[in-house]
$ cat work32.txt   # compact mmCIF, N, CA and C atoms
# COMPACT_ATOMS: atom_id res chain seq x y z
N GLY Z 1 2.65 -11.80 -11.32
CA GLY Z 1 3.99 -12.16 -10.95
C GLY Z 1 4.78 -10.95 -10.46
N ILE Z 2 6.07 -11.04 -10.62
CA ILE Z 2 6.97 -10.01 -10.12
C ILE Z 2 6.75 -8.68 -10.84
N VAL Z 3 6.54 -8.74 -12.16
CA VAL Z 3 6.34 -7.50 -12.93
C VAL Z 3 5.09 -6.76 -12.43
N ARG Z 4 4.00 -7.51 -12.24
CA ARG Z 4 2.76 -6.89 -11.75
C ARG Z 4 2.97 -6.27 -10.37
N THR Z 5 3.69 -6.97 -9.51
CA THR Z 5 3.95 -6.47 -8.17
C THR Z 5 4.73 -5.16 -8.23
N ARG Z 6 5.74 -5.12 -9.10
CA ARG Z 6 6.53 -3.88 -9.25
C ARG Z 6 5.69 -2.74 -9.81
N LEU Z 7 4.90 -3.05 -10.83
CA LEU Z 7 4.04 -2.02 -11.42
C LEU Z 7 3.03 -1.50 -10.40
N LYS Z 8 2.49 -2.42 -9.61
CA LYS Z 8 1.51 -2.04 -8.59
C LYS Z 8 2.16 -1.12 -7.56
N LYS Z 9 3.38 -1.44 -7.15
CA LYS Z 9 4.08 -0.60 -6.18
C LYS Z 9 4.33 0.79 -6.78
N ARG Z 10 4.75 0.85 -8.04
CA ARG Z 10 4.97 2.15 -8.69
C ARG Z 10 3.67 2.93 -8.78
N LEU Z 11 2.59 2.25 -9.13
CA LEU Z 11 1.29 2.90 -9.21
C LEU Z 11 0.90 3.45 -7.84
N PHE Z 12 1.07 2.64 -6.80
CA PHE Z 12 0.73 3.07 -5.44
C PHE Z 12 1.59 4.25 -5.01
N ASP Z 13 2.88 4.24 -5.39
CA ASP Z 13 3.76 5.37 -5.06
C ASP Z 13 3.24 6.64 -5.72
N MET Z 14 2.85 6.53 -6.99
CA MET Z 14 2.33 7.69 -7.72
C MET Z 14 1.02 8.18 -7.11
N LEU Z 15 0.14 7.24 -6.77
CA LEU Z 15 -1.15 7.60 -6.17
C LEU Z 15 -0.93 8.28 -4.82
N GLU Z 16 0.02 7.74 -4.05
CA GLU Z 16 0.26 8.30 -2.72
C GLU Z 16 0.71 9.76 -2.81
N GLU Z 17 1.51 10.08 -3.83
CA GLU Z 17 1.94 11.47 -4.02
C GLU Z 17 0.75 12.39 -4.25
N LYS Z 18 -0.31 11.84 -4.84
CA LYS Z 18 -1.49 12.65 -5.16
C LYS Z 18 -2.52 12.66 -4.02
N CYS Z 19 -2.30 11.79 -3.02
CA CYS Z 19 -3.21 11.73 -1.87
C CYS Z 19 -2.96 12.95 -0.99
N ASP Z 20 -3.81 13.94 -1.10
CA ASP Z 20 -3.60 15.15 -0.29
C ASP Z 20 -4.62 15.24 0.84
N PHE Z 21 -5.01 14.08 1.37
CA PHE Z 21 -5.94 14.08 2.48
C PHE Z 21 -5.32 13.29 3.64
N ALA Z 22 -5.71 13.67 4.82
CA ALA Z 22 -5.20 12.97 6.00
C ALA Z 22 -5.97 11.68 6.18
N ALA Z 23 -5.26 10.65 6.54
CA ALA Z 23 -5.92 9.37 6.80
C ALA Z 23 -6.63 9.44 8.15
N PRO Z 24 -7.87 8.94 8.22
CA PRO Z 24 -8.58 8.95 9.51
C PRO Z 24 -7.80 8.19 10.57
N GLN Z 25 -7.53 8.84 11.70
CA GLN Z 25 -6.67 8.27 12.74
C GLN Z 25 -7.17 6.93 13.27
N GLY Z 26 -8.49 6.79 13.42
CA GLY Z 26 -9.03 5.52 13.92
C GLY Z 26 -8.69 4.37 12.99
N MET Z 27 -8.80 4.61 11.69
CA MET Z 27 -8.48 3.57 10.71
C MET Z 27 -6.99 3.26 10.73
N VAL Z 28 -6.17 4.32 10.87
CA VAL Z 28 -4.72 4.13 10.91
C VAL Z 28 -4.34 3.30 12.14
N GLU Z 29 -4.96 3.62 13.28
CA GLU Z 29 -4.67 2.86 14.50
C GLU Z 29 -5.02 1.39 14.34
N LEU Z 30 -6.19 1.10 13.76
CA LEU Z 30 -6.59 -0.29 13.54
C LEU Z 30 -5.58 -1.00 12.63
N GLU Z 31 -5.18 -0.34 11.55
CA GLU Z 31 -4.23 -0.93 10.61
C GLU Z 31 -2.88 -1.14 11.28
N PHE Z 32 -2.42 -0.13 12.02
CA PHE Z 32 -1.13 -0.24 12.71
C PHE Z 32 -1.17 -1.40 13.71
N ASN Z 33 -2.25 -1.50 14.49
CA ASN Z 33 -2.36 -2.58 15.47
C ASN Z 33 -2.33 -3.95 14.81
N SER Z 34 -2.97 -4.04 13.65
CA SER Z 34 -2.98 -5.30 12.91
C SER Z 34 -1.56 -5.65 12.44
N ILE Z 35 -0.86 -4.66 11.88
CA ILE Z 35 0.52 -4.87 11.42
C ILE Z 35 1.41 -5.24 12.61
N TRP Z 36 1.27 -4.49 13.71
CA TRP Z 36 2.11 -4.70 14.89
C TRP Z 36 1.90 -6.09 15.47
N GLN Z 37 0.64 -6.53 15.49
CA GLN Z 37 0.32 -7.86 16.01
C GLN Z 37 0.99 -8.94 15.15
N ARG Z 38 0.92 -8.79 13.82
CA ARG Z 38 1.56 -9.76 12.93
C ARG Z 38 3.08 -9.74 13.12
N LEU Z 39 3.65 -8.56 13.33
CA LEU Z 39 5.08 -8.44 13.56
C LEU Z 39 5.49 -9.18 14.84
N GLN Z 40 4.70 -9.00 15.90
CA GLN Z 40 5.00 -9.67 17.17
C GLN Z 40 4.89 -11.20 17.01
N GLN Z 41 3.90 -11.64 16.25
CA GLN Z 41 3.74 -13.08 16.02
C GLN Z 41 4.93 -13.63 15.23
N ALA Z 42 5.37 -12.86 14.22
CA ALA Z 42 6.53 -13.28 13.42
C ALA Z 42 7.78 -13.36 14.28
N ARG Z 43 7.96 -12.36 15.13
CA ARG Z 43 9.12 -12.36 16.05
C ARG Z 43 9.08 -13.58 16.96
N ALA Z 44 7.89 -13.85 17.52
CA ALA Z 44 7.73 -14.98 18.43
C ALA Z 44 8.04 -16.30 17.73
N ALA Z 45 7.77 -16.33 16.42
CA ALA Z 45 8.03 -17.54 15.63
C ALA Z 45 9.48 -17.62 15.17
N GLY Z 46 10.30 -16.62 15.57
CA GLY Z 46 11.72 -16.66 15.24
C GLY Z 46 12.13 -15.86 14.02
N ASP Z 47 11.21 -15.08 13.44
CA ASP Z 47 11.53 -14.24 12.29
C ASP Z 47 12.43 -13.09 12.75
N MET Z 48 13.62 -13.00 12.18
CA MET Z 48 14.57 -11.98 12.63
C MET Z 48 14.76 -10.86 11.60
N THR Z 49 13.82 -10.70 10.68
CA THR Z 49 13.99 -9.69 9.63
C THR Z 49 13.98 -8.27 10.18
N VAL Z 50 13.50 -8.08 11.39
CA VAL Z 50 13.46 -6.73 11.97
C VAL Z 50 14.51 -6.55 13.06
N ALA Z 51 15.41 -7.52 13.18
CA ALA Z 51 16.46 -7.44 14.20
C ALA Z 51 17.32 -6.21 13.95
N GLY Z 52 17.80 -5.62 15.03
CA GLY Z 52 18.70 -4.47 14.90
C GLY Z 52 18.00 -3.13 14.91
N LYS Z 53 16.68 -3.13 14.91
CA LYS Z 53 15.94 -1.87 14.95
C LYS Z 53 15.30 -1.73 16.33
N SER Z 54 15.30 -0.50 16.82
CA SER Z 54 14.68 -0.27 18.13
C SER Z 54 13.16 -0.31 18.00
N GLU Z 55 12.50 -0.47 19.13
CA GLU Z 55 11.04 -0.49 19.16
C GLU Z 55 10.49 0.81 18.56
N GLU Z 56 11.11 1.93 18.90
CA GLU Z 56 10.66 3.23 18.40
C GLU Z 56 10.82 3.34 16.88
N GLU Z 57 11.96 2.87 16.37
CA GLU Z 57 12.19 2.90 14.91
C GLU Z 57 11.13 2.07 14.20
N LEU Z 58 10.86 0.89 14.74
CA LEU Z 58 9.87 0.00 14.14
C LEU Z 58 8.48 0.63 14.18
N LYS Z 59 8.12 1.20 15.33
CA LYS Z 59 6.78 1.81 15.45
C LYS Z 59 6.63 2.96 14.45
N SER Z 60 7.67 3.77 14.31
CA SER Z 60 7.62 4.90 13.38
C SER Z 60 7.47 4.39 11.94
N GLU Z 61 8.27 3.39 11.59
CA GLU Z 61 8.23 2.83 10.24
C GLU Z 61 6.86 2.23 9.93
N TYR Z 62 6.34 1.44 10.86
CA TYR Z 62 5.07 0.78 10.62
C TYR Z 62 3.88 1.73 10.73
N GLN Z 63 4.04 2.81 11.45
CA GLN Z 63 2.99 3.85 11.50
C GLN Z 63 2.85 4.46 10.10
N GLY Z 64 4.00 4.72 9.46
CA GLY Z 64 3.98 5.26 8.09
C GLY Z 64 3.34 4.29 7.11
N ILE Z 65 3.66 3.01 7.26
CA ILE Z 65 3.08 1.99 6.39
C ILE Z 65 1.57 1.92 6.59
N ALA Z 66 1.13 2.00 7.85
CA ALA Z 66 -0.30 1.94 8.15
C ALA Z 66 -1.02 3.12 7.51
N GLU Z 67 -0.44 4.33 7.62
CA GLU Z 67 -1.06 5.52 7.01
C GLU Z 67 -1.16 5.36 5.50
N ARG Z 68 -0.10 4.88 4.88
CA ARG Z 68 -0.09 4.68 3.43
C ARG Z 68 -1.19 3.70 3.03
N ARG Z 69 -1.27 2.58 3.74
CA ARG Z 69 -2.28 1.56 3.41
C ARG Z 69 -3.69 2.12 3.53
N VAL Z 70 -3.94 2.88 4.58
CA VAL Z 70 -5.28 3.43 4.79
C VAL Z 70 -5.62 4.42 3.68
N ARG Z 71 -4.70 5.35 3.39
CA ARG Z 71 -4.98 6.34 2.33
C ARG Z 71 -5.19 5.67 0.99
N LEU Z 72 -4.33 4.72 0.64
CA LEU Z 72 -4.49 4.02 -0.63
C LEU Z 72 -5.76 3.18 -0.64
N GLY Z 73 -6.10 2.59 0.50
CA GLY Z 73 -7.33 1.80 0.60
C GLY Z 73 -8.56 2.65 0.36
N ILE Z 74 -8.56 3.85 0.92
CA ILE Z 74 -9.69 4.78 0.72
C ILE Z 74 -9.79 5.16 -0.75
N LEU Z 75 -8.64 5.47 -1.34
CA LEU Z 75 -8.59 5.87 -2.75
C LEU Z 75 -9.10 4.74 -3.65
N LEU Z 76 -8.63 3.52 -3.41
CA LEU Z 76 -9.05 2.38 -4.23
C LEU Z 76 -10.52 2.04 -4.01
N ALA Z 77 -11.00 2.17 -2.77
CA ALA Z 77 -12.41 1.91 -2.49
C ALA Z 77 -13.29 2.92 -3.22
N GLU Z 78 -12.85 4.17 -3.25
CA GLU Z 78 -13.61 5.21 -3.96
C GLU Z 78 -13.60 4.93 -5.46
N LEU Z 79 -12.46 4.53 -5.99
CA LEU Z 79 -12.38 4.18 -7.40
C LEU Z 79 -13.31 3.01 -7.72
N ALA Z 80 -13.29 1.99 -6.86
CA ALA Z 80 -14.16 0.83 -7.06
C ALA Z 80 -15.63 1.25 -7.05
N ARG Z 81 -15.98 2.17 -6.13
CA ARG Z 81 -17.36 2.65 -6.05
C ARG Z 81 -17.74 3.42 -7.31
N LYS Z 82 -16.86 4.35 -7.72
CA LYS Z 82 -17.15 5.15 -8.92
C LYS Z 82 -17.27 4.30 -10.17
N GLU Z 83 -16.42 3.30 -10.28
CA GLU Z 83 -16.42 2.44 -11.46
C GLU Z 83 -17.43 1.30 -11.34
N LYS Z 84 -18.15 1.27 -10.19
CA LYS Z 84 -19.15 0.23 -9.93
C LYS Z 84 -18.55 -1.18 -10.03
N LEU Z 85 -17.33 -1.32 -9.50
CA LEU Z 85 -16.67 -2.62 -9.50
C LEU Z 85 -17.34 -3.52 -8.46
N GLN Z 86 -17.56 -4.74 -8.83
CA GLN Z 86 -18.21 -5.71 -7.95
C GLN Z 86 -17.38 -6.98 -7.89
N VAL Z 87 -17.55 -7.71 -6.80
CA VAL Z 87 -16.93 -9.03 -6.68
C VAL Z 87 -18.04 -10.05 -6.86
N SER Z 88 -17.90 -10.89 -7.87
CA SER Z 88 -18.94 -11.89 -8.13
C SER Z 88 -18.86 -13.02 -7.12
N ARG Z 89 -19.94 -13.75 -7.03
CA ARG Z 89 -19.99 -14.90 -6.13
C ARG Z 89 -18.92 -15.93 -6.52
N ASP Z 90 -18.72 -16.11 -7.84
CA ASP Z 90 -17.70 -17.05 -8.32
C ASP Z 90 -16.30 -16.62 -7.90
N GLU Z 91 -16.02 -15.32 -8.01
CA GLU Z 91 -14.70 -14.81 -7.62
C GLU Z 91 -14.47 -15.02 -6.13
N LEU Z 92 -15.50 -14.78 -5.34
CA LEU Z 92 -15.40 -14.96 -3.89
C LEU Z 92 -15.20 -16.43 -3.54
N THR Z 93 -15.94 -17.30 -4.21
CA THR Z 93 -15.80 -18.75 -3.98
C THR Z 93 -14.39 -19.20 -4.35
N ARG Z 94 -13.88 -18.71 -5.49
CA ARG Z 94 -12.53 -19.07 -5.94
C ARG Z 94 -11.49 -18.61 -4.91
N ALA Z 95 -11.65 -17.38 -4.40
CA ALA Z 95 -10.72 -16.84 -3.40
C ALA Z 95 -10.79 -17.66 -2.12
N LEU Z 96 -12.00 -18.06 -1.73
CA LEU Z 96 -12.18 -18.87 -0.52
C LEU Z 96 -11.49 -20.23 -0.68
N MET Z 97 -11.66 -20.86 -1.84
CA MET Z 97 -11.05 -22.17 -2.09
C MET Z 97 -9.52 -22.05 -2.12
N GLN Z 98 -9.04 -20.98 -2.72
CA GLN Z 98 -7.59 -20.75 -2.79
C GLN Z 98 -7.03 -20.56 -1.38
N HIS Z 99 -7.73 -19.77 -0.57
CA HIS Z 99 -7.30 -19.52 0.81
C HIS Z 99 -7.34 -20.81 1.62
N ALA Z 100 -8.41 -21.57 1.48
CA ALA Z 100 -8.56 -22.82 2.22
C ALA Z 100 -7.46 -23.81 1.83
N GLY Z 101 -7.04 -23.76 0.57
CA GLY Z 101 -5.98 -24.65 0.07
C GLY Z 101 -4.64 -24.41 0.74
N GLN Z 102 -4.48 -23.27 1.41
CA GLN Z 102 -3.24 -22.98 2.11
C GLN Z 102 -3.16 -23.71 3.45
N PHE Z 103 -4.23 -24.40 3.81
CA PHE Z 103 -4.29 -25.12 5.09
C PHE Z 103 -4.64 -26.59 4.82
N PRO Z 104 -3.69 -27.35 4.29
CA PRO Z 104 -3.96 -28.75 3.94
C PRO Z 104 -4.53 -29.54 5.12
N GLY Z 105 -5.60 -30.28 4.83
CA GLY Z 105 -6.24 -31.09 5.85
C GLY Z 105 -7.26 -30.32 6.68
N GLN Z 106 -7.26 -29.00 6.57
CA GLN Z 106 -8.20 -28.19 7.36
C GLN Z 106 -9.10 -27.34 6.47
N GLU Z 107 -9.14 -27.67 5.20
CA GLU Z 107 -9.93 -26.86 4.25
C GLU Z 107 -11.36 -26.65 4.70
N ASN Z 108 -12.02 -27.72 5.14
CA ASN Z 108 -13.42 -27.60 5.54
C ASN Z 108 -13.60 -26.67 6.73
N ARG Z 109 -12.67 -26.70 7.67
CA ARG Z 109 -12.74 -25.81 8.83
C ARG Z 109 -12.59 -24.35 8.40
N VAL Z 110 -11.69 -24.11 7.47
CA VAL Z 110 -11.48 -22.74 6.98
C VAL Z 110 -12.74 -22.24 6.28
N ILE Z 111 -13.29 -23.07 5.41
CA ILE Z 111 -14.51 -22.69 4.68
C ILE Z 111 -15.65 -22.43 5.66
N GLU Z 112 -15.78 -23.28 6.65
CA GLU Z 112 -16.85 -23.12 7.65
C GLU Z 112 -16.65 -21.82 8.44
N TYR Z 113 -15.40 -21.49 8.74
CA TYR Z 113 -15.09 -20.25 9.47
C TYR Z 113 -15.65 -19.04 8.72
N TYR Z 114 -15.44 -19.00 7.40
CA TYR Z 114 -15.94 -17.88 6.60
C TYR Z 114 -17.45 -17.92 6.40
N ARG Z 115 -17.99 -19.10 6.24
CA ARG Z 115 -19.44 -19.22 6.03
C ARG Z 115 -20.23 -18.92 7.31
N ALA Z 116 -19.62 -19.13 8.47
CA ALA Z 116 -20.30 -18.92 9.75
C ALA Z 116 -20.63 -17.44 9.97
N ASP Z 117 -19.82 -16.57 9.41
CA ASP Z 117 -20.03 -15.13 9.58
C ASP Z 117 -19.73 -14.44 8.26
N PRO Z 118 -20.78 -14.08 7.51
CA PRO Z 118 -20.59 -13.47 6.19
C PRO Z 118 -19.69 -12.22 6.20
N ALA Z 119 -19.62 -11.52 7.33
CA ALA Z 119 -18.77 -10.33 7.40
C ALA Z 119 -17.30 -10.70 7.20
N ARG Z 120 -16.94 -11.92 7.56
CA ARG Z 120 -15.55 -12.38 7.39
C ARG Z 120 -15.16 -12.45 5.92
N LEU Z 121 -16.15 -12.62 5.05
CA LEU Z 121 -15.86 -12.70 3.63
C LEU Z 121 -15.29 -11.38 3.10
N ASP Z 122 -15.51 -10.29 3.84
CA ASP Z 122 -14.93 -9.00 3.43
C ASP Z 122 -13.41 -9.06 3.41
N ASP Z 123 -12.83 -9.93 4.26
CA ASP Z 123 -11.37 -10.10 4.25
C ASP Z 123 -10.90 -10.66 2.92
N LEU Z 124 -11.74 -11.44 2.26
CA LEU Z 124 -11.40 -12.00 0.95
C LEU Z 124 -11.83 -11.07 -0.17
N ARG Z 125 -12.94 -10.36 0.04
CA ARG Z 125 -13.48 -9.46 -0.98
C ARG Z 125 -12.55 -8.27 -1.23
N GLY Z 126 -11.97 -7.73 -0.15
CA GLY Z 126 -11.11 -6.54 -0.25
C GLY Z 126 -9.98 -6.68 -1.25
N PRO Z 127 -9.15 -7.74 -1.14
CA PRO Z 127 -8.05 -7.89 -2.09
C PRO Z 127 -8.52 -8.06 -3.54
N ILE Z 128 -9.66 -8.70 -3.74
CA ILE Z 128 -10.19 -8.88 -5.11
C ILE Z 128 -10.56 -7.51 -5.68
N LEU Z 129 -11.28 -6.70 -4.89
CA LEU Z 129 -11.65 -5.35 -5.34
C LEU Z 129 -10.41 -4.50 -5.59
N GLU Z 130 -9.40 -4.65 -4.74
CA GLU Z 130 -8.16 -3.89 -4.93
C GLU Z 130 -7.52 -4.22 -6.28
N GLU Z 131 -7.46 -5.52 -6.60
CA GLU Z 131 -6.86 -5.92 -7.88
C GLU Z 131 -7.67 -5.39 -9.05
N LYS Z 132 -8.99 -5.38 -8.93
CA LYS Z 132 -9.83 -4.85 -10.01
C LYS Z 132 -9.60 -3.34 -10.17
N ALA Z 133 -9.48 -2.64 -9.05
CA ALA Z 133 -9.23 -1.20 -9.11
C ALA Z 133 -7.87 -0.92 -9.72
N VAL Z 134 -6.89 -1.73 -9.40
CA VAL Z 134 -5.54 -1.58 -9.97
C VAL Z 134 -5.61 -1.77 -11.48
N ASP Z 135 -6.34 -2.81 -11.90
CA ASP Z 135 -6.50 -3.06 -13.35
C ASP Z 135 -7.12 -1.87 -14.03
$ encode --input "work32.txt" --output "structure tokens"
Amino acid sequence: GIVRTRLKKRLFDMLEEKCDFAAPQGMVELEFNSIWQRLQQARAAGDMTVAGKSEEELKSEYQGIAERRVRLGILLAELARKEKLQVSRDELTRALMQHAGQFPGQENRVIEYYRADPARLDDLRGPILEEKAVD
């Protein structure tokens, strides 16, 4: 809930202070492009939460967010590797069902989308590993 979200943000803030390595630029670019694409889609859908900021201000802000995400992602991935954290088949299935449930009437299409290409399951595996690393 809200308490966990706040604690997680504080933990990430503390971890970021200790991150004394540069984030790989290629990874940062990919993350930034992903964020920017979602922002453009939100704008196109009428989301005005970023109104009043110039394109340059937004790019600078989201560039920082992308760098933070990449550095923290690397740190959490390393922690997961060191601690030998794994995502079980049951956890992955549960995450897939939960995700599919967000698309009423199209659950089977969503499930088929992920089953068609096992690499897509990494999109679901990542957040599960992150939560385990946070724990």
$ atom_distance --input "work32.txt" --atom1 "CA of Glu78 in chain Z" --atom2 "CA of Asp123 in chain Z"
17.5 Å
$ closest_residue --input "work32.txt" --among "Z:Leu30, Z:Arg68, Z:Ile111, Z:Glu55" --to "Leu96 in chain Z" --atoms "all atoms listed in the file"
Z:Ile111
$ closest_residue --input "work32.txt" --among "Z:Asp20, Z:Met14, Z:Arg81, Z:Ala66" --to "Phe32 in chain Z" --atoms "only N, CA and C atoms"
Z:Ala66
$ closest_residue --input "work32.txt" --among "Z:Glu16, Z:Asp135, Z:Glu130, Z:Asp90" --to "Ala77 in chain Z" --atoms "only N, CA and C atoms"
Z:Glu130
$ closest_residue --input "work32.txt" --among "Z:Glu67, Z:Glu112, Z:Asp47, Z:Glu61" --to "Gly26 in chain Z" --atoms "only C-alpha atoms"
Z:Glu67
$ residues_around --input "work32.txt" --residues "Val87 in chain Z" --least-positions-apart "3" --cutoff "10 Å" --atoms "only C-alpha atoms" --output "VMD selection string"
chain Z and resid 90 to 92 124 to 126 128 to 129 132
$ atom_distance --input "work32.txt" --atom1 "CA of Leu39 in chain Z" --atom2 "atom N of Lys59 in chain Z"
10.3 Å
$ closest_residue --input "work32.txt" --among "Z:Leu72, Z:Ile35, Z:Ala100, Z:Ala95" --to "Lys8 in chain Z" --atoms "only C-alpha atoms"
Z:Leu72
$ atom_distance --input "work32.txt" --atom1 "atom C of Gln37 in chain Z" --atom2 "atom N of Leu79 in chain Z"
28.4 Å
$ closest_residue --input "work32.txt" --among "Z:Arg71, Z:Glu57, Z:Arg89, Z:Asp122" --to "Leu15 in chain Z" --atoms "all atoms listed in the file"
Z:Arg71
$ build_atoms --input "work32.txt" --residues "range 105-116 of chain Z" --atoms "N, CA, C and O atoms" --output "tab-separated table (two decimals), keeping the file's coordinate frame"
chain	number	residue	atom	x	y	z
Z	105	GLY	N	-5.60	-30.28	4.83
Z	105	GLY	CA	-6.24	-31.09	5.85
Z	105	GLY	C	-7.26	-30.32	6.68
Z	105	GLY	O	-8.03	-30.93	7.41
Z	106	GLN	N	-7.26	-29.00	6.57
Z	106	GLN	CA	-8.20	-28.19	7.36
Z	106	GLN	C	-9.10	-27.34	6.47
Z	106	GLN	O	-9.73	-26.40	6.95
Z	107	GLU	N	-9.14	-27.67	5.20
Z	107	GLU	CA	-9.93	-26.86	4.25
Z	107	GLU	C	-11.36	-26.65	4.70
Z	107	GLU	O	-11.87	-25.53	4.64
Z	108	ASN	N	-12.02	-27.72	5.14
Z	108	ASN	CA	-13.42	-27.60	5.54
Z	108	ASN	C	-13.60	-26.67	6.73
Z	108	ASN	O	-14.57	-25.92	6.80
Z	109	ARG	N	-12.67	-26.70	7.67
Z	109	ARG	CA	-12.74	-25.81	8.83
Z	109	ARG	C	-12.59	-24.35	8.40
Z	109	ARG	O	-13.29	-23.47	8.91
Z	110	VAL	N	-11.69	-24.11	7.47
Z	110	VAL	CA	-11.48	-22.74	6.98
Z	110	VAL	C	-12.74	-22.24	6.28
Z	110	VAL	O	-13.21	-21.13	6.53
Z	111	ILE	N	-13.29	-23.07	5.41
Z	111	ILE	CA	-14.51	-22.69	4.68
Z	111	ILE	C	-15.65	-22.43	5.66
Z	111	ILE	O	-16.37	-21.44	5.53
Z	112	GLU	N	-15.78	-23.28	6.65
Z	112	GLU	CA	-16.85	-23.12	7.65
Z	112	GLU	C	-16.65	-21.82	8.44
Z	112	GLU	O	-17.62	-21.13	8.76
Z	113	TYR	N	-15.40	-21.49	8.74
Z	113	TYR	CA	-15.09	-20.25	9.47
Z	113	TYR	C	-15.65	-19.04	8.72
Z	113	TYR	O	-16.28	-18.17	9.30
Z	114	TYR	N	-15.44	-19.00	7.40
Z	114	TYR	CA	-15.94	-17.88	6.60
Z	114	TYR	C	-17.45	-17.92	6.40
Z	114	TYR	O	-18.11	-16.90	6.40
Z	115	ARG	N	-17.99	-19.10	6.24
Z	115	ARG	CA	-19.44	-19.22	6.03
Z	115	ARG	C	-20.23	-18.92	7.31
Z	115	ARG	O	-21.37	-18.50	7.24
Z	116	ALA	N	-19.62	-19.13	8.47
Z	116	ALA	CA	-20.30	-18.92	9.75
Z	116	ALA	C	-20.63	-17.44	9.97
Z	116	ALA	O	-21.61	-17.11	10.62
